[in-house]
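Structure data (PDB, C-alpha atoms, pLDDT in the B column) from model.pdb:
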ATOM      1  CA  MET A   1     119.297  97.601  67.208  1.00 80.00           C
ATOM      2  CA  LEU A   2     117.971  98.699  70.581  1.00 85.00           C
ATOM      3  CA  LYS A   3     119.148 102.272  69.963  1.00 89.00           C
ATOM      4  CA  LYS A   4     117.277 102.335  66.664  1.00 89.00           C
ATOM      5  CA  LEU A   5     114.136 101.000  68.364  1.00 88.00           C
ATOM      6  CA  ILE A   6     114.375 103.665  71.071  1.00 89.00           C
ATOM      7  CA  LYS A   7     114.814 106.385  68.433  1.00 91.00           C
ATOM      8  CA  LEU A   8     111.726 105.120  66.580  1.00 89.00           C
ATOM      9  CA  ASN A   9     109.732 105.424  69.800  1.00 90.00           C
ATOM     10  CA  LEU A  10     111.106 108.715  71.135  1.00 91.00           C
ATOM     11  CA  ASP A  11     107.735 110.343  70.549  1.00 92.00           C
ATOM     12  CA  ASP A  12     106.392 108.074  73.312  1.00 90.00           C
ATOM     13  CA  LEU A  13     108.285 110.249  75.769  1.00 94.00           C
ATOM     14  CA  LEU A  14     105.853 113.043  74.969  1.00 94.00           C
ATOM     15  CA  LEU A  15     103.166 110.905  76.605  1.00 92.00           C
ATOM     16  CA  TYR A  16     105.092 110.783  79.874  1.00 95.00           C
ATOM     17  CA  ILE A  17     105.903 114.482  79.713  1.00 95.00           C
ATOM     18  CA  GLY A  18     102.303 115.383  78.961  1.00 95.00           C
ATOM     19  CA  VAL A  19     100.797 113.210  81.692  1.00 95.00           C
ATOM     20  CA  GLU A  20     103.234 113.992  84.491  1.00 95.00           C
ATOM     21  CA  CYS A  21     103.874 117.666  83.712  1.00 95.00           C
ATOM     22  CA  GLY A  22     100.181 118.278  83.046  1.00 95.00           C
ATOM     23  CA  LEU A  23      99.204 116.738  86.376  1.00 95.00           C
ATOM     24  CA  PHE A  24     101.995 118.653  88.105  1.00 96.00           C
ATOM     25  CA  LEU A  25     100.671 121.927  86.690  1.00 96.00           C
ATOM     26  CA  VAL A  26      97.117 121.115  87.800  1.00 96.00           C
ATOM     27  CA  ILE A  27      98.275 120.263  91.333  1.00 94.00           C
ATOM     28  CA  GLN A  28     100.311 123.453  91.629  1.00 94.00           C
ATOM     29  CA  ILE A  29      97.390 125.574  90.403  1.00 95.00           C
ATOM     30  CA  VAL A  30      95.102 123.964  92.981  1.00 94.00           C
ATOM     31  CA  VAL A  31      97.647 124.402  95.790  1.00 93.00           C
ATOM     32  CA  GLY A  32      98.313 127.990  94.707  1.00 92.00           C
ATOM     33  CA  CYS A  33      94.595 128.809  94.799  1.00 94.00           C
ATOM     34  CA  VAL A  34      94.312 127.284  98.268  1.00 93.00           C
ATOM     35  CA  MET A  35      97.298 129.315  99.463  1.00 92.00           C
ATOM     36  CA  TYR A  36      95.947 132.558  98.009  1.00 92.00           C
ATOM     37  CA  PHE A  37      92.307 132.315  99.022  1.00 93.00           C
ATOM     38  CA  ALA A  38      92.407 130.249 102.255  1.00 90.00           C
ATOM     39  CA  ARG A  39      95.721 131.647 103.589  1.00 88.00           C
ATOM     40  CA  PRO A  40      96.584 128.518 105.641  1.00 89.00           C
ATOM     41  CA  ASP A  41      99.669 128.263 107.832  1.00 88.00           C
ATOM     42  CA  THR A  42     100.589 124.769 106.624  1.00 89.00           C
ATOM     43  CA  SER A  43     101.087 123.070 103.274  1.00 89.00           C
ATOM     44  CA  ILE A  44     102.370 119.747 101.942  1.00 88.00           C
ATOM     45  CA  THR A  45     104.590 118.475  99.137  1.00 89.00           C
ATOM     46  CA  VAL A  46     103.112 115.463  97.350  1.00 88.00           C
ATOM     47  CA  SER A  47     105.092 115.090  94.112  1.00 90.00           C
ATOM     48  CA  CYS A  48     107.517 112.553  95.584  1.00 91.00           C
ATOM     49  CA  VAL A  49     104.554 110.253  96.295  1.00 92.00           C
ATOM     50  CA  ILE A  50     102.166 110.903  93.417  1.00 94.00           C
ATOM     51  CA  PHE A  51     104.455 111.124  90.411  1.00 94.00           C
ATOM     52  CA  PRO A  52     106.425 107.881  90.831  1.00 95.00           C
ATOM     53  CA  ILE A  53     103.054 106.096  90.921  1.00 95.00           C
ATOM     54  CA  VAL A  54     101.698 108.061  87.955  1.00 95.00           C
ATOM     55  CA  GLY A  55     104.905 107.499  85.980  1.00 95.00           C
ATOM     56  CA  GLY A  56     104.904 103.796  86.809  1.00 95.00           C
ATOM     57  CA  PHE A  57     101.273 103.388  85.753  1.00 95.00           C
ATOM     58  CA  THR A  58     101.947 105.215  82.484  1.00 95.00           C
ATOM     59  CA  ALA A  59     104.963 102.974  81.847  1.00 95.00           C
ATOM     60  CA  LEU A  60     102.764  99.948  82.581  1.00 94.00           C
ATOM     61  CA  VAL A  61     100.208 100.982  79.963  1.00 93.00           C
ATOM     62  CA  ALA A  62     102.935 101.780  77.432  1.00 94.00           C
ATOM     63  CA  GLY A  63     104.592  98.426  78.129  1.00 93.00           C
ATOM     64  CA  ILE A  64     101.385  96.570  77.335  1.00 92.00           C
ATOM     65  CA  SER A  65     101.241  98.442  74.039  1.00 92.00           C
ATOM     66  CA  HIS A  66     104.891  97.631  73.242  1.00 94.00           C
ATOM     67  CA  VAL A  67     104.287  93.908  73.715  1.00 92.00           C
ATOM     68  CA  GLY A  68     101.388  94.083  71.275  1.00 88.00           C
ATOM     69  CA  VAL A  69     103.144  96.352  68.751  1.00 90.00           C
ATOM     70  CA  SER A  70     106.936  96.410  69.041  1.00 90.00           C
ATOM     71  CA  PHE A  71     107.315  92.723  69.928  1.00 92.00           C
ATOM     72  CA  GLU A  72     105.086  91.445  67.142  1.00 90.00           C
ATOM     73  CA  GLN A  73     106.531  93.932  64.670  1.00 90.00           C
ATOM     74  CA  ALA A  74     110.038  92.675  65.425  1.00 89.00           C
ATOM     75  CA  LEU A  75     108.884  89.113  64.726  1.00 90.00           C
ATOM     76  CA  ARG A  76     107.332  90.157  61.425  1.00 88.00           C
ATOM     77  CA  PHE A  77     110.648  91.723  60.410  1.00 87.00           C
ATOM     78  CA  GLY A  78     112.463  88.430  60.914  1.00 86.00           C
ATOM     79  CA  GLN A  79     113.793  88.777  64.473  1.00 89.00           C
ATOM     80  CA  THR A  80     113.864  85.699  66.681  1.00 91.00           C
ATOM     81  CA  ARG A  81     111.413  85.570  69.581  1.00 93.00           C
ATOM     82  CA  ARG A  82     114.253  85.790  72.089  1.00 94.00           C
ATOM     83  CA  ARG A  83     115.748  88.842  70.424  1.00 94.00           C
ATOM     84  CA  ALA A  84     112.348  90.474  69.936  1.00 94.00           C
ATOM     85  CA  LEU A  85     111.559  89.989  73.636  1.00 94.00           C
ATOM     86  CA  GLY A  86     114.964  91.390  74.623  1.00 94.00           C
ATOM     87  CA  LEU A  87     114.434  94.485  72.468  1.00 94.00           C
ATOM     88  CA  THR A  88     110.959  94.996  73.900  1.00 95.00           C
ATOM     89  CA  LEU A  89     112.233  94.695  77.476  1.00 95.00           C
ATOM     90  CA  GLY A  90     115.027  97.146  76.687  1.00 95.00           C
ATOM     91  CA  LEU A  91     112.575  99.674  75.277  1.00 95.00           C
ATOM     92  CA  MET A  92     110.245  99.254  78.247  1.00 96.00           C
ATOM     93  CA  SER A  93     113.154  99.665  80.688  1.00 96.00           C
ATOM     94  CA  PHE A  94     114.262 102.881  78.997  1.00 96.00           C
ATOM     95  CA  GLU A  95     110.781 104.403  79.099  1.00 96.00           C
ATOM     96  CA  ALA A  96     110.088 103.296  82.689  1.00 96.00           C
ATOM     97  CA  ALA A  97     113.427 104.788  83.794  1.00 96.00           C
ATOM     98  CA  PHE A  98     112.567 108.018  81.968  1.00 97.00           C
ATOM     99  CA  ALA A  99     109.156 108.149  83.672  1.00 96.00           C
ATOM    100  CA  LEU A 100     110.691 107.759  87.136  1.00 96.00           C
ATOM    101  CA  ALA A 101     113.508 110.209  86.357  1.00 96.00           C
ATOM    102  CA  LEU A 102     110.900 112.780  85.295  1.00 96.00           C
ATOM    103  CA  ALA A 103     108.990 112.064  88.506  1.00 95.00           C
ATOM    104  CA  GLY A 104     112.152 112.729  90.501  1.00 95.00           C
ATOM    105  CA  LEU A 105     112.767 115.975  88.624  1.00 96.00           C
ATOM    106  CA  LEU A 106     109.216 117.209  89.310  1.00 95.00           C
ATOM    107  CA  ALA A 107     109.557 116.234  92.969  1.00 94.00           C
ATOM    108  CA  ALA A 108     112.782 118.270  93.176  1.00 93.00           C
ATOM    109  CA  VAL A 109     111.109 121.262  91.487  1.00 94.00           C
ATOM    110  CA  GLU A 110     108.268 121.176  93.997  1.00 94.00           C
ATOM    111  CA  HIS A 111     110.624 120.715  96.947  1.00 91.00           C
ATOM    112  CA  PHE A 112     112.999 123.569  96.130  1.00 91.00           C
ATOM    113  CA  LEU A 113     110.969 126.084  94.087  1.00 92.00           C
ATOM    114  CA  CYS A 114     107.327 125.842  95.127  1.00 92.00           C
ATOM    115  CA  PRO A 115     107.403 126.496  98.929  1.00 91.00           C
ATOM    116  CA  PRO A 116     108.693 130.096  98.531  1.00 92.00           C
ATOM    117  CA  LEU A 117     105.925 130.758  96.020  1.00 93.00           C
ATOM    118  CA  TRP A 118     103.327 129.197  98.313  1.00 92.00           C
ATOM    119  CA  ALA A 119     104.516 131.361 101.202  1.00 91.00           C
ATOM    120  CA  ARG A 120     104.191 134.498  99.094  1.00 91.00           C
ATOM    121  CA  LEU A 121     100.695 133.524  97.941  1.00 92.00           C
ATOM    122  CA  ALA A 122      99.652 132.750 101.521  1.00 90.00           C
ATOM    123  CA  GLY A 123     100.968 136.097 102.735  1.00 88.00           C
ATOM    124  CA  ALA A 124     103.581 134.484 104.971  1.00 87.00           C
ATOM    125  CA  ASP A 125     106.884 136.170 105.720  1.00 84.00           C
ATOM    126  CA  SER A 126     108.857 132.933 105.508  1.00 85.00           C
ATOM    127  CA  TRP A 127     108.525 129.169 105.280  1.00 87.00           C
ATOM    128  CA  ARG A 128     110.254 126.053 106.536  1.00 87.00           C
ATOM    129  CA  PHE A 129     109.993 122.275 106.375  1.00 84.00           C
ATOM    130  CA  GLY A 130     109.006 120.160 109.365  1.00 73.00           C
ATOM    131  CA  GLY A 131     107.771 121.116 112.792  1.00 52.00           C
ATOM    132  CA  PHE A 132     108.252 124.468 114.463  1.00 43.00           C
ATOM    133  CA  SER A 133     108.497 125.439 118.076  1.00 43.00           C
ATOM    134  CA  ALA A 134     109.113 129.010 119.130  1.00 42.00           C
ATOM    135  CA  PRO A 135     111.596 129.590 121.959  1.00 46.00           C
ATOM    136  CA  ALA A 136     110.032 130.537 125.288  1.00 47.00           C
ATOM    137  CA  PRO A 137     110.464 134.238 126.166  1.00 49.00           C
ATOM    138  CA  GLU A 138     112.682 135.131 129.111  1.00 54.00           C
ATOM    139  CA  PRO A 139     110.909 136.066 132.370  1.00 56.00           C
ATOM    140  CA  GLY A 140     109.857 139.715 132.360  1.00 54.00           C
ATOM    141  CA  ALA A 141     110.725 140.173 128.710  1.00 50.00           C
ATOM    142  CA  ALA A 142     108.183 141.454 126.266  1.00 49.00           C
ATOM    143  CA  ALA A 143     106.683 138.886 123.959  1.00 47.00           C
ATOM    144  CA  PRO A 144     108.571 138.933 120.659  1.00 48.00           C
ATOM    145  CA  VAL A 145     106.770 139.877 117.513  1.00 46.00           C
ATOM    146  CA  ARG A 146     106.351 136.646 115.569  1.00 52.00           C
ATOM    147  CA  GLU A 147     106.508 136.722 111.818  1.00 65.00           C
ATOM    148  CA  SER A 148     103.988 134.700 109.902  1.00 81.00           C
ATOM    149  CA  LEU A 149     105.410 131.343 108.940  1.00 87.00           C
ATOM    150  CA  LEU A 150     104.230 128.736 106.430  1.00 88.00           C
ATOM    151  CA  MET A 151     104.994 125.215 107.613  1.00 89.00           C
ATOM    152  CA  VAL A 152     105.557 122.721 104.799  1.00 90.00           C
ATOM    153  CA  GLU A 153     105.228 119.011 105.475  1.00 87.00           C
ATOM    154  CA  GLY A 154     106.945 116.726 102.985  1.00 83.00           C
ATOM    155  CA  PHE A 155     105.635 113.274 102.093  1.00 83.00           C
ATOM    156  CA  THR A 156     108.167 111.006 100.387  1.00 86.00           C
ATOM    157  CA  LEU A 157     108.614 107.395  99.333  1.00 88.00           C
ATOM    158  CA  ASP A 158     111.658 105.447 100.472  1.00 90.00           C
ATOM    159  CA  TRP A 159     114.124 104.551  97.720  1.00 91.00           C
ATOM    160  CA  TYR A 160     113.034 100.916  97.524  1.00 93.00           C
ATOM    161  CA  TRP A 161     109.505 101.985  96.558  1.00 94.00           C
ATOM    162  CA  TRP A 162     110.932 103.518  93.386  1.00 95.00           C
ATOM    163  CA  LEU A 163     112.586 100.205  92.508  1.00 96.00           C
ATOM    164  CA  LEU A 164     109.357  98.355  93.303  1.00 95.00           C
ATOM    165  CA  ILE A 165     107.338 100.671  91.051  1.00 96.00           C
ATOM    166  CA  PHE A 166     109.870 100.117  88.265  1.00 97.00           C
ATOM    167  CA  ALA A 167     109.631  96.340  88.676  1.00 96.00           C
ATOM    168  CA  LEU A 168     105.817  96.390  88.796  1.00 95.00           C
ATOM    169  CA  ALA A 169     105.617  98.551  85.670  1.00 95.00           C
ATOM    170  CA  MET A 170     107.987  96.263  83.766  1.00 95.00           C
ATOM    171  CA  GLY A 171     106.584  92.973  84.995  1.00 94.00           C
ATOM    172  CA  GLY A 172     102.965  94.071  84.804  1.00 93.00           C
ATOM    173  CA  GLY A 173     103.406  95.297  81.236  1.00 94.00           C
ATOM    174  CA  ILE A 174     104.924  91.983  80.158  1.00 95.00           C
ATOM    175  CA  ILE A 175     102.290  89.903  81.963  1.00 93.00           C
ATOM    176  CA  VAL A 176      99.249  91.790  80.690  1.00 92.00           C
ATOM    177  CA  GLY A 177     100.751  92.143  77.218  1.00 92.00           C
ATOM    178  CA  ALA A 178     101.482  88.397  77.042  1.00 93.00           C
ATOM    179  CA  VAL A 179      97.959  87.491  78.166  1.00 91.00           C
ATOM    180  CA  ILE A 180      96.406  89.722  75.510  1.00 89.00           C
ATOM    181  CA  GLN A 181      98.896  88.542  72.878  1.00 89.00           C
ATOM    182  CA  ARG A 182      97.996  84.896  73.498  1.00 88.00           C
ATOM    183  CA  PHE A 183      94.268  85.093  74.219  1.00 85.00           C
ATOM    184  CA  GLY A 184      93.246  88.259  72.381  1.00 80.00           C
ATOM    185  CA  ALA A 185      90.117  90.046  73.596  1.00 72.00           C
ATOM    186  CA  LYS A 186      89.386  87.211  76.021  1.00 74.00           C
ATOM    187  CA  GLY A 187      92.689  87.996  77.722  1.00 73.00           C
ATOM    188  CA  GLY A 188      91.452  91.498  78.514  1.00 71.00           C
ATOM    189  CA  TRP A 189      88.453  90.055  80.355  1.00 73.00           C
ATOM    190  CA  LEU A 190      90.758  87.658  82.194  1.00 73.00           C
ATOM    191  CA  ILE A 191      92.937  90.538  83.388  1.00 74.00           C
ATOM    192  CA  TRP A 192      89.827  92.464  84.425  1.00 72.00           C
ATOM    193  CA  CYS A 193      88.621  89.536  86.544  1.00 73.00           C
ATOM    194  CA  ILE A 194      92.048  89.095  88.161  1.00 69.00           C
ATOM    195  CA  CYS A 195      92.247  92.797  89.068  1.00 69.00           C
ATOM    196  CA  PHE A 196      88.741  93.080  90.495  1.00 68.00           C
ATOM    197  CA  ALA A 197      88.601  89.718  92.279  1.00 66.00           C
ATOM    198  CA  PRO A 198      90.611  90.993  95.316  1.00 65.00           C
ATOM    199  CA  MET A 199      88.325  94.021  95.641  1.00 67.00           C
ATOM    200  CA  ILE A 200      85.239  91.819  95.623  1.00 68.00           C
ATOM    201  CA  LEU A 201      86.769  89.401  98.115  1.00 62.00           C
ATOM    202  CA  MET A 202      87.694  92.281 100.432  1.00 65.00           C
ATOM    203  CA  GLN A 203      84.051  93.365 100.439  1.00 68.00           C
ATOM    204  CA  ILE A 204      82.842  89.837 101.220  1.00 66.00           C
ATOM    205  CA  PHE A 205      85.536  88.778 103.707  1.00 60.00           C
ATOM    206  CA  PRO A 206      87.060  92.029 105.026  1.00 62.00           C
ATOM    207  CA  ARG A 207      88.098  90.746 108.459  1.00 61.00           C
ATOM    208  CA  GLU A 208      89.467  87.444 107.222  1.00 57.00           C
ATOM    209  CA  ILE A 209      91.588  89.145 104.556  1.00 57.00           C
ATOM    210  CA  ALA A 210      92.835  91.822 106.981  1.00 55.00           C
ATOM    211  CA  SER A 211      93.892  89.160 109.492  1.00 58.00           C
ATOM    212  CA  ALA A 212      95.707  87.240 106.750  1.00 58.00           C
ATOM    213  CA  ALA A 213      97.467  90.311 105.298  1.00 58.00           C
ATOM    214  CA  GLU A 214     100.872  88.956 106.288  1.00 67.00           C
ATOM    215  CA  LEU A 215     100.227  85.937 104.067  1.00 68.00           C
ATOM    216  CA  VAL A 216      98.521  87.808 101.235  1.00 70.00           C
ATOM    217  CA  ILE A 217     101.505  90.010 100.355  1.00 77.00           C
ATOM    218  CA  PRO A 218     104.005  87.113  99.952  1.00 82.00           C
ATOM    219  CA  LEU A 219     101.345  85.205  98.006  1.00 80.00           C
ATOM    220  CA  LEU A 220     100.860  88.131  95.630  1.00 81.00           C
ATOM    221  CA  ALA A 221     104.638  88.383  95.185  1.00 89.00           C
ATOM    222  CA  VAL A 222     104.847  84.687  94.297  1.00 90.00           C
ATOM    223  CA  LEU A 223     101.933  85.008  91.871  1.00 88.00           C
ATOM    224  CA  PHE A 224     103.551  88.047  90.260  1.00 91.00           C
ATOM    225  CA  VAL A 225     106.860  86.241  89.734  1.00 94.00           C
ATOM    226  CA  ALA A 226     105.027  83.168  88.426  1.00 94.00           C
ATOM    227  CA  GLY A 227     103.013  85.361  86.068  1.00 92.00           C
ATOM    228  CA  PHE A 228     106.176  87.027  84.784  1.00 95.00           C
ATOM    229  CA  LEU A 229     107.860  83.670  84.137  1.00 96.00           C
ATOM    230  CA  TRP A 230     104.755  82.431  82.337  1.00 95.00           C
ATOM    231  CA  ALA A 231     104.649  85.624  80.254  1.00 94.00           C
ATOM    232  CA  VAL A 232     108.277  85.152  79.170  1.00 95.00           C
ATOM    233  CA  TRP A 233     107.568  81.492  78.318  1.00 96.00           C
ATOM    234  CA  SER A 234     104.451  82.472  76.374  1.00 94.00           C
ATOM    235  CA  LEU A 235     106.152  85.222  74.376  1.00 94.00           C
ATOM    236  CA  LEU A 236     109.066  82.934  73.502  1.00 93.00           C
ATOM    237  CA  ARG A 237     106.463  80.642  71.909  1.00 92.00           C
ATOM    238  CA  ALA A 238     104.226  83.362  70.552  1.00 86.00           C
ATOM    239  CA  VAL A 239     102.354  82.974  67.298  1.00 80.00           C
ATOM    240  CA  VAL A 240     102.015  86.216  65.357  1.00 74.00           C
ATOM    241  CA  ARG A 241      98.627  86.575  63.751  1.00 68.00           C
ATOM    242  CA  SER A 242      98.586  87.993  60.257  1.00 60.00           C
TER     243      SER A 242
END
What does this structure look like when you write it as structure tokens?
Amino acid sequence: MLKKLIKLNLDDLLLYIGVECGLFLVIQIVVGCVMYFARPDTSITVSCVIFPIVGGFTALVAGISHVGVSFEQALRFGQTRRRALGLTLGLMSFEAAFALALAGLLAAVEHFLCPPLWARLAGADSWRFGGFSAPAPEPGAAAPVRESLLMVEGFTLDWYWWLLIFALAMGGGIIVGAVIQRFGAKGGWLIWCICFAPMILMQIFPREIASAAELVIPLLAVLFVAGFLWAVWSLLRAVVRS
């Protein structure tokens, strides 16, 4: 049943491909223009940071939609709430994994294929990752002719950030989807207030919140887990509106 549901939603993958590949193309055009016109001696790789976040956010939005569409549709076709929730979670997991796999592929493309192109556009003879220090010339020797070199700094996320993004996309999609499924349009306003309340509080009490950051993160983790458990409970008792 899950395979059939995934096949019915394969066109959703075009959304991930369009968003991530489109943004990748825009970033590479911008970087290429900077290399060609400014001719800097340094550059950076950003795909390994940007695209996991972009893919996770896209999976979050798609997950909210699946709770409102796929979950309720499964109930209308006679599936139990438990089975409908399991199918929805399976579909969301597949799409979130695809989004992060695509992010990893784009990061690999940038890492291995783009630096040589950047070096050529910048007019550099060669390129390399990381720092560079030229060896000191021997006493009395003529200064060596240095070739132009493009230094590329790579920014990456540790492996556990990828797992965290996956969990946030899955859990966030279920939580927001369950709130909207139960409360309708009012649930959207509730989510809006929850998301913007920390920003407002940080403007009012910036020092107090910064000093309590060590407590805020565990508190947010507990609230997230509690919200996920409530969402599962709510969906297992969901009423499908006709």
*Taking the file above as input, evaluate the PyMOL selection byres ((chain A and resi 31-39) around 10) and report the hits as a ChimeraX atom specification.*
/A:25-30,40-45,114,117-124,150
Using C-alpha atoms, can you export the residues from the last selection as an mmCIF file, in the frame of the given file?
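For reference, again27.cif as written:
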data_model
loop_
_atom_site.group_PDB
_atom_site.id
_atom_site.type_symbol
_atom_site.label_atom_id
_atom_site.label_comp_id
_atom_site.auth_asym_id
_atom_site.auth_seq_id
_atom_site.Cartn_x
_atom_site.Cartn_y
_atom_site.Cartn_z
ATOM 1 C CA LEU A 25 100.671 121.927 86.690
ATOM 2 C CA VAL A 26 97.117 121.115 87.800
ATOM 3 C CA ILE A 27 98.275 120.263 91.333
ATOM 4 C CA GLN A 28 100.311 123.453 91.629
ATOM 5 C CA ILE A 29 97.390 125.574 90.403
ATOM 6 C CA VAL A 30 95.102 123.964 92.981
ATOM 7 C CA PRO A 40 96.584 128.518 105.641
ATOM 8 C CA ASP A 41 99.669 128.263 107.832
ATOM 9 C CA THR A 42 100.589 124.769 106.624
ATOM 10 C CA SER A 43 101.087 123.070 103.274
ATOM 11 C CA ILE A 44 102.370 119.747 101.942
ATOM 12 C CA THR A 45 104.590 118.475 99.137
ATOM 13 C CA CYS A 114 107.327 125.842 95.127
ATOM 14 C CA LEU A 117 105.925 130.758 96.020
ATOM 15 C CA TRP A 118 103.327 129.197 98.313
ATOM 16 C CA ALA A 119 104.516 131.361 101.202
ATOM 17 C CA ARG A 120 104.191 134.498 99.094
ATOM 18 C CA LEU A 121 100.695 133.524 97.941
ATOM 19 C CA ALA A 122 99.652 132.750 101.521
ATOM 20 C CA GLY A 123 100.968 136.097 102.735
ATOM 21 C CA ALA A 124 103.581 134.484 104.971
ATOM 22 C CA LEU A 150 104.230 128.736 106.430
#
*Find the residues with any atom within 7 Å of (108.3, 94.1, 77.7); use only C-alpha atoms and the coordinates as given in the file, and write the answer as a ChimeraX atom specification.*
/A:63,66-67,85,88-89,92,170,173-174
*asked:* Evaluated on this file, the PyMOL selection byres ((chain A and resi 127) around 6) picks out some residues - which ones are they, written as a list in words?
replied: Ser126, Arg128, Leu149, Leu150 and Met151 of chain A
*asked:* I'd like to know which of A:Gly227, A:Pro52, A:Gly86, A:Gly18 is closest to A:Ala178, using only C-alpha atoms.
replied: A:Gly227
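Taking atom CA of A:Gln181 and atom CA of A:Gly68 as endpoints, the distance between them is 6.3 Å.
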*Evaluating the PyMOL selection byres ((chain A and resi 230) around 12) on the displayed file yields which residues, as a PyMOL selection string?*
chain A and resi 171+174-179+182+223-229+231-238
*Rounded to one decimal in Å, what is the spacing between atom CA of A:Val46 and atom CA of A:Ala97?*
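Taking atom CA of A:Val46 and atom CA of A:Ala97, their separation equals 20.1 Å.
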*Atomic distance atom CA of A:Gly56 - atom CA of A:Leu100, expressed in Å with one decimal*: 7.0 Å
_My list of candidates is A:Gly172, A:Gly22, A:Pro115, A:Gly130. Which is closest to A:Phe155 when distances are computed with all atoms listed in the file?_
A:Gly130
*Fewer than 6 positions away in the same chain doesn't count, so skip those; otherwise give me all residues within 8 Å of A:Phe129, counting all atoms listed in the file, as a PyMOL selection string.*
chain A and resi 151-154
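Closest to A:Phe166 among A:Ala99, A:Cys48, A:Ile64, A:Met1 is A:Ala99, based on all atoms listed in the file.
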*Check the smallest atom-to-atom distance from each of A:Leu2, A:Val69, A:Ala62, A:Ile17 to A:Arg83 using all atoms listed in the file, then report the winner.*
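Distance minimum relative to A:Arg83 lands on A:Leu2.
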